[in-house]
Amino acid sequence: MPTKADIKSILKEAIPSNKTILENGIKILSYSTPTVRSISLGIWIGVGSQNEENSNSGISHFIEHMVFKGTKNRSAYEIANSLESIGGYLNAFTSKEHTCYYARFLNSHLPIAFDVLADLILNPTFDSKEIEKEKGVVLEELKNMEDDPGDLIQDYFDEAIYPTHPLGRGIIGTKESIKGLSKEDLNKYKNKNYIPSNIIVTAAGNLNHDEVVNLVKKYFSKLNSTKKIQTISNSFKYKPLIKTYIKPIQQTHVIFGRDAFSAQSDLRYTGYILSTLLGGGMSSRLFQKVREKNGYAYHIYSFLSCLKSSGTFGVYLACDFSKKDKAIDLIKNEFELILKNGLTKTEVKRAKEHLKGSTVLSLESASNQMMRLGTSELYFKKQFSVEEVLSKVESVSIDDVMNLANKLLKIDNFSDIRINPSVN
């Protein structure tokens, strides 16, 4: 099967919808599925860690935490209880490019759920005592990430790809930047970025589009701002890097990867297919060669991550320290075999069918539908039908995949980032 990263990327597009834009610029997108009894609702803010400075690194993520600590209308407990008491679910996440607050609940509870989400966005108090308390929570989250080499290696890899660009910074921030955040910092950053032109509301499930629009108007129509959305420079020069970190862990963790292309590139479908046949499932080349035939690793997969203005491609591997070089050599050898001997029509067709099947199956979830509405609007400012996406995948030829492989799989252009155990 394709990796989760590949499916997430391709599903940025794969969904039709209703769309309304309010006078103040807020965009509303919905997708109706009458056969379910739930609704998944999301409010997206087009701001993430790439919008930060070194001094306030992690502030997007910290604000995401702090809105749950109390609003003008609800205490932290009342926020937590608001959806749990009706069997619903409330959460949020921050990425490098956006922040999303979302909920899932029975369709009859849409007014209640929207009231809660709107309250989080519009009325957080950012209480100074709660800020200091939450710093401790986020610092523990940072430690938790640093204790997870699978997550930590991704941050190290991003830093290698984008050494002088905001995309190279971790989403959580650093100990120093987190400790330095103040109530004034949070209010200033929120007022700058939580503006109508930077807000998208998405909903999927058993719903009526007009009802969603009316709720957005009720809570957000008075929200106005003449501020412009911050634009991020995509200028950076990639240079391959070999770097090893030492941590008290049991295995060596490796990302062998490089820069790639953005979500705007016509190569993205070809890239998803190449990534799928390389390391997108148990039948993929790398899984078969590294794990099944040689037993060098348990976890191995390839990925293609396409962002608004850039992207990355690579292979992740976790293995015993004594097997790391042999495993990496197998990956390099597989790249060289593809460049030398090419690909078969059978494996390209299989990768395409896997990608198409996973795309359709993922869209059976209302939560996935809601998420794709948001990411599609953020990345493309438009929606695509499932048929359009499947057609684009099917239109990729074996020559297209080989042409991309010839550009992408040149070993000299890859960075080799590793975390080795301190005791071997």
# chains A, B, ... in the order shown; residues from 1 in each chain; ligands from 1
>>> residues_around(residues="range 285-301 of chain A", least_positions_apart="5", cutoff="10 Å", atoms="only C-alpha atoms", output="ChimeraX atom specification")
/A:2-3,150,251,253-255,275-280,314-320,322-324,326-331,334-335,347
>>> write_last_selection(atoms="N, CA and C atoms", output="short mmCIF file (atom, residue, chain, number, x, y, z; two decimals), in the first residue's frame")
data_model
loop_
_atom_site.label_atom_id
_atom_site.label_comp_id
_atom_site.auth_asym_id
_atom_site.auth_seq_id
_atom_site.Cartn_x
_atom_site.Cartn_y
_atom_site.Cartn_z
N PRO A 2 0.36 2.38 -0.55
CA PRO A 2 1.11 3.64 -0.47
C PRO A 2 1.26 4.07 0.98
N THR A 3 2.27 4.84 1.28
CA THR A 3 2.47 5.32 2.64
C THR A 3 1.39 6.34 2.98
N GLY A 150 11.89 8.11 15.93
CA GLY A 150 11.16 8.15 14.67
C GLY A 150 10.66 9.54 14.34
N GLN A 251 18.18 1.28 18.44
CA GLN A 251 18.40 1.08 17.02
C GLN A 251 19.02 2.32 16.37
N HIS A 253 18.39 4.94 13.45
CA HIS A 253 17.29 5.47 12.64
C HIS A 253 17.90 6.34 11.54
N VAL A 254 17.44 6.14 10.32
CA VAL A 254 18.03 6.81 9.16
C VAL A 254 16.95 7.41 8.28
N ILE A 255 17.19 8.62 7.78
CA ILE A 255 16.45 9.12 6.62
C ILE A 255 17.47 9.41 5.54
N SER A 275 7.26 6.69 -5.40
CA SER A 275 7.41 6.43 -3.97
C SER A 275 6.68 5.16 -3.55
N THR A 276 5.50 4.93 -4.12
CA THR A 276 4.72 3.75 -3.78
C THR A 276 5.43 2.46 -4.19
N LEU A 277 5.96 2.42 -5.40
CA LEU A 277 6.60 1.18 -5.84
C LEU A 277 7.95 0.96 -5.16
N LEU A 278 8.57 2.04 -4.71
CA LEU A 278 9.83 1.92 -3.99
C LEU A 278 9.64 1.42 -2.56
N GLY A 279 8.77 2.08 -1.81
CA GLY A 279 8.64 1.73 -0.39
C GLY A 279 7.27 1.99 0.17
N GLY A 280 6.22 1.76 -0.63
CA GLY A 280 4.87 2.09 -0.21
C GLY A 280 4.06 0.94 0.34
N GLY A 314 12.30 10.74 0.25
CA GLY A 314 13.33 9.97 0.94
C GLY A 314 12.86 8.61 1.39
N VAL A 315 13.75 7.93 2.10
CA VAL A 315 13.48 6.61 2.66
C VAL A 315 13.81 6.65 4.14
N TYR A 316 12.88 6.16 4.96
CA TYR A 316 13.11 6.03 6.40
C TYR A 316 13.39 4.58 6.74
N LEU A 317 14.33 4.37 7.66
CA LEU A 317 14.75 3.03 8.02
C LEU A 317 15.13 3.00 9.50
N ALA A 318 14.74 1.95 10.20
CA ALA A 318 15.19 1.71 11.57
C ALA A 318 15.71 0.29 11.66
N CYS A 319 16.96 0.14 12.12
CA CYS A 319 17.57 -1.18 12.15
C CYS A 319 18.64 -1.27 13.23
N ASP A 320 19.15 -2.46 13.45
CA ASP A 320 20.25 -2.64 14.39
C ASP A 320 21.48 -1.89 13.89
N SER A 322 24.52 -2.63 13.80
CA SER A 322 25.46 -3.44 13.02
C SER A 322 25.02 -3.67 11.58
N LYS A 323 23.73 -3.41 11.31
CA LYS A 323 23.19 -3.67 9.96
C LYS A 323 22.95 -2.40 9.15
N LYS A 324 23.21 -1.24 9.77
CA LYS A 324 22.82 0.02 9.14
C LYS A 324 23.47 0.24 7.78
N LYS A 326 24.80 -1.96 5.70
CA LYS A 326 24.33 -2.93 4.72
C LYS A 326 22.94 -2.55 4.21
N ALA A 327 22.09 -2.08 5.13
CA ALA A 327 20.73 -1.69 4.75
C ALA A 327 20.75 -0.48 3.82
N ILE A 328 21.57 0.51 4.14
CA ILE A 328 21.67 1.70 3.29
C ILE A 328 22.24 1.33 1.93
N ASP A 329 23.20 0.42 1.91
CA ASP A 329 23.77 -0.03 0.63
C ASP A 329 22.71 -0.70 -0.24
N LEU A 330 21.80 -1.45 0.39
CA LEU A 330 20.72 -2.08 -0.37
C LEU A 330 19.80 -1.03 -0.99
N ILE A 331 19.51 0.04 -0.23
CA ILE A 331 18.67 1.12 -0.75
C ILE A 331 19.35 1.78 -1.95
N GLU A 334 19.26 -0.45 -4.93
CA GLU A 334 17.95 -0.52 -5.58
C GLU A 334 17.74 0.70 -6.48
N PHE A 335 18.17 1.86 -6.02
CA PHE A 335 18.10 3.06 -6.86
C PHE A 335 18.90 2.85 -8.14
N GLU A 347 4.91 -3.50 -12.26
CA GLU A 347 5.06 -2.83 -10.97
C GLU A 347 4.53 -1.40 -11.00
#
>>> select_by_dssp(residues="range 102-296 of chain A", states="alpha helix (DSSP H)", output="ChimeraX atom specification")
/A:110-122,128-146,149-161,175-179,183-193,209-220,268-279,285-286
>>> closest_residue(among="A:Lys217, A:Lys239, A:Lys96, A:Lys183", to="Ser305 in chain A", atoms="only C-alpha atoms")
A:Lys96
>>> residues_around(residues="Ser108 in chain A", least_positions_apart="6", cutoff="9 Å", atoms="only C-alpha atoms", output="CSV table (one decimal) with C-alpha atoms, in the first residue's frame")
chain,number,residue,atom,x,y,z
A,37,ARG,CA,-25.1,10.3,11.2
A,38,SER,CA,-22.0,12.3,12.1
A,39,ILE,CA,-20.3,15.5,11.0
>>> closest_residue(among="A:Asn224, A:Asn206, A:Ser55, A:Ser235", to="Ser182 in chain A", atoms="only C-alpha atoms")
A:Ser55
>>> select_by_dssp(residues="range 64-233 of chain A", states="strand (DSSP E)", output="ChimeraX atom specification")
/A:89-94,99-106,199-205
>>> closest_residue(among="A:Tyr272, A:Val393, A:Phe261, A:Thr20", to="Lys407 in chain A", atoms="only C-alpha atoms")
A:Phe261
>>> closest_residue(among="A:Ile172, A:Leu122, A:Val137, A:Leu41", to="Thr94 in chain A", atoms="only C-alpha atoms")
A:Ile172
>>> closest_residue(among="A:Lys175, A:Lys345, A:His109, A:Arg350", to="Ser85 in chain A", atoms="only C-alpha atoms")
A:His109
>>> atom_distance(atom1="CA of Ser415 in chain A", atom2="CA of Ile242 in chain A")
5.6 Å
>>> residues_around(residues="Pro421 in chain A", least_positions_apart="6", cutoff="7 Å", atoms="only C-alpha atoms", output="number ranges by chain")
A: 246-252
>>> residues_around(residues="Pro240 in chain A", least_positions_apart="3", cutoff="8 Å", atoms="only C-alpha atoms", output="PDB file with C-alpha atoms, in the first residue's frame")
ATOM      1  CA  ALA A 160      19.274  19.346   6.829  1.00  0.00           C
ATOM      2  CA  ILE A 161      17.042  20.118   3.846  1.00  0.00           C
ATOM      3  CA  ARG A 258      16.668  14.923  -0.618  1.00  0.00           C
ATOM      4  CA  ASP A 412      25.007  12.053  -4.919  1.00  0.00           C
ATOM      5  CA  ASN A 413      22.043  14.391  -4.311  1.00  0.00           C
ATOM      6  CA  PHE A 414      20.841  12.563  -1.189  1.00  0.00           C
ATOM      7  CA  SER A 415      21.392  13.560   2.420  1.00  0.00           C
ATOM      8  CA  ASP A 416      22.159  10.797   4.911  1.00  0.00           C
TER       9      ASP A 416
END
>>> residues_around(residues="Lys179 in chain A", least_positions_apart="2", cutoff="12 Å", atoms="only C-alpha atoms", output="short mmCIF file (atom, residue, chain, number, x, y, z; two decimals) with C-alpha atoms, in the first residue's frame")
data_model
loop_
_atom_site.label_atom_id
_atom_site.label_comp_id
_atom_site.auth_asym_id
_atom_site.auth_seq_id
_atom_site.Cartn_x
_atom_site.Cartn_y
_atom_site.Cartn_z
CA SER A 55 12.85 34.08 18.75
CA ASN A 56 9.21 32.88 18.89
CA SER A 57 9.69 29.42 17.40
CA GLY A 58 6.79 27.19 18.44
CA ILE A 59 4.28 30.01 18.99
CA PHE A 62 1.61 27.05 21.68
CA ILE A 131 0.56 30.31 29.99
CA GLU A 132 3.27 29.51 32.51
CA LYS A 133 1.58 26.23 33.40
CA GLU A 134 1.21 25.24 29.74
CA LYS A 135 4.87 25.94 29.08
CA GLY A 136 5.59 22.99 31.33
CA VAL A 137 3.17 20.82 29.33
CA VAL A 138 4.71 21.79 25.99
CA LEU A 139 8.24 21.29 27.30
CA ILE A 172 7.08 22.59 18.84
CA GLY A 173 9.95 25.08 19.12
CA THR A 174 12.95 25.01 21.43
CA LYS A 175 13.24 25.09 25.22
CA GLU A 176 14.45 28.68 25.03
CA SER A 177 11.77 29.94 22.65
CA LEU A 181 6.70 33.36 25.17
CA SER A 182 4.42 35.93 26.84
CA LYS A 183 0.74 36.86 26.75
CA ASP A 185 3.47 37.64 22.16
#
>>> residues_around(residues="Ile21 in chain A", least_positions_apart="5", cutoff="12 Å", atoms="only C-alpha atoms", output="list in words")
Ile26, Lys27, Ile28, Leu29, Ser30, Pro196, Ser197, Asn198, Ile199, Ile200, Val201, Thr202, Val213, Asn214, Val216, Lys217, Phe220, Ser221, Glu377 and Lys381 of chain A
>>> closest_residue(among="A:Glu53, A:Asp259, A:Asp210, A:Asp119", to="Phe236 in chain A", atoms="only C-alpha atoms")
A:Asp259
>>> atom_distance(atom1="CA of Lys227 in chain A", atom2="CA of Ser376 in chain A")
23.3 Å
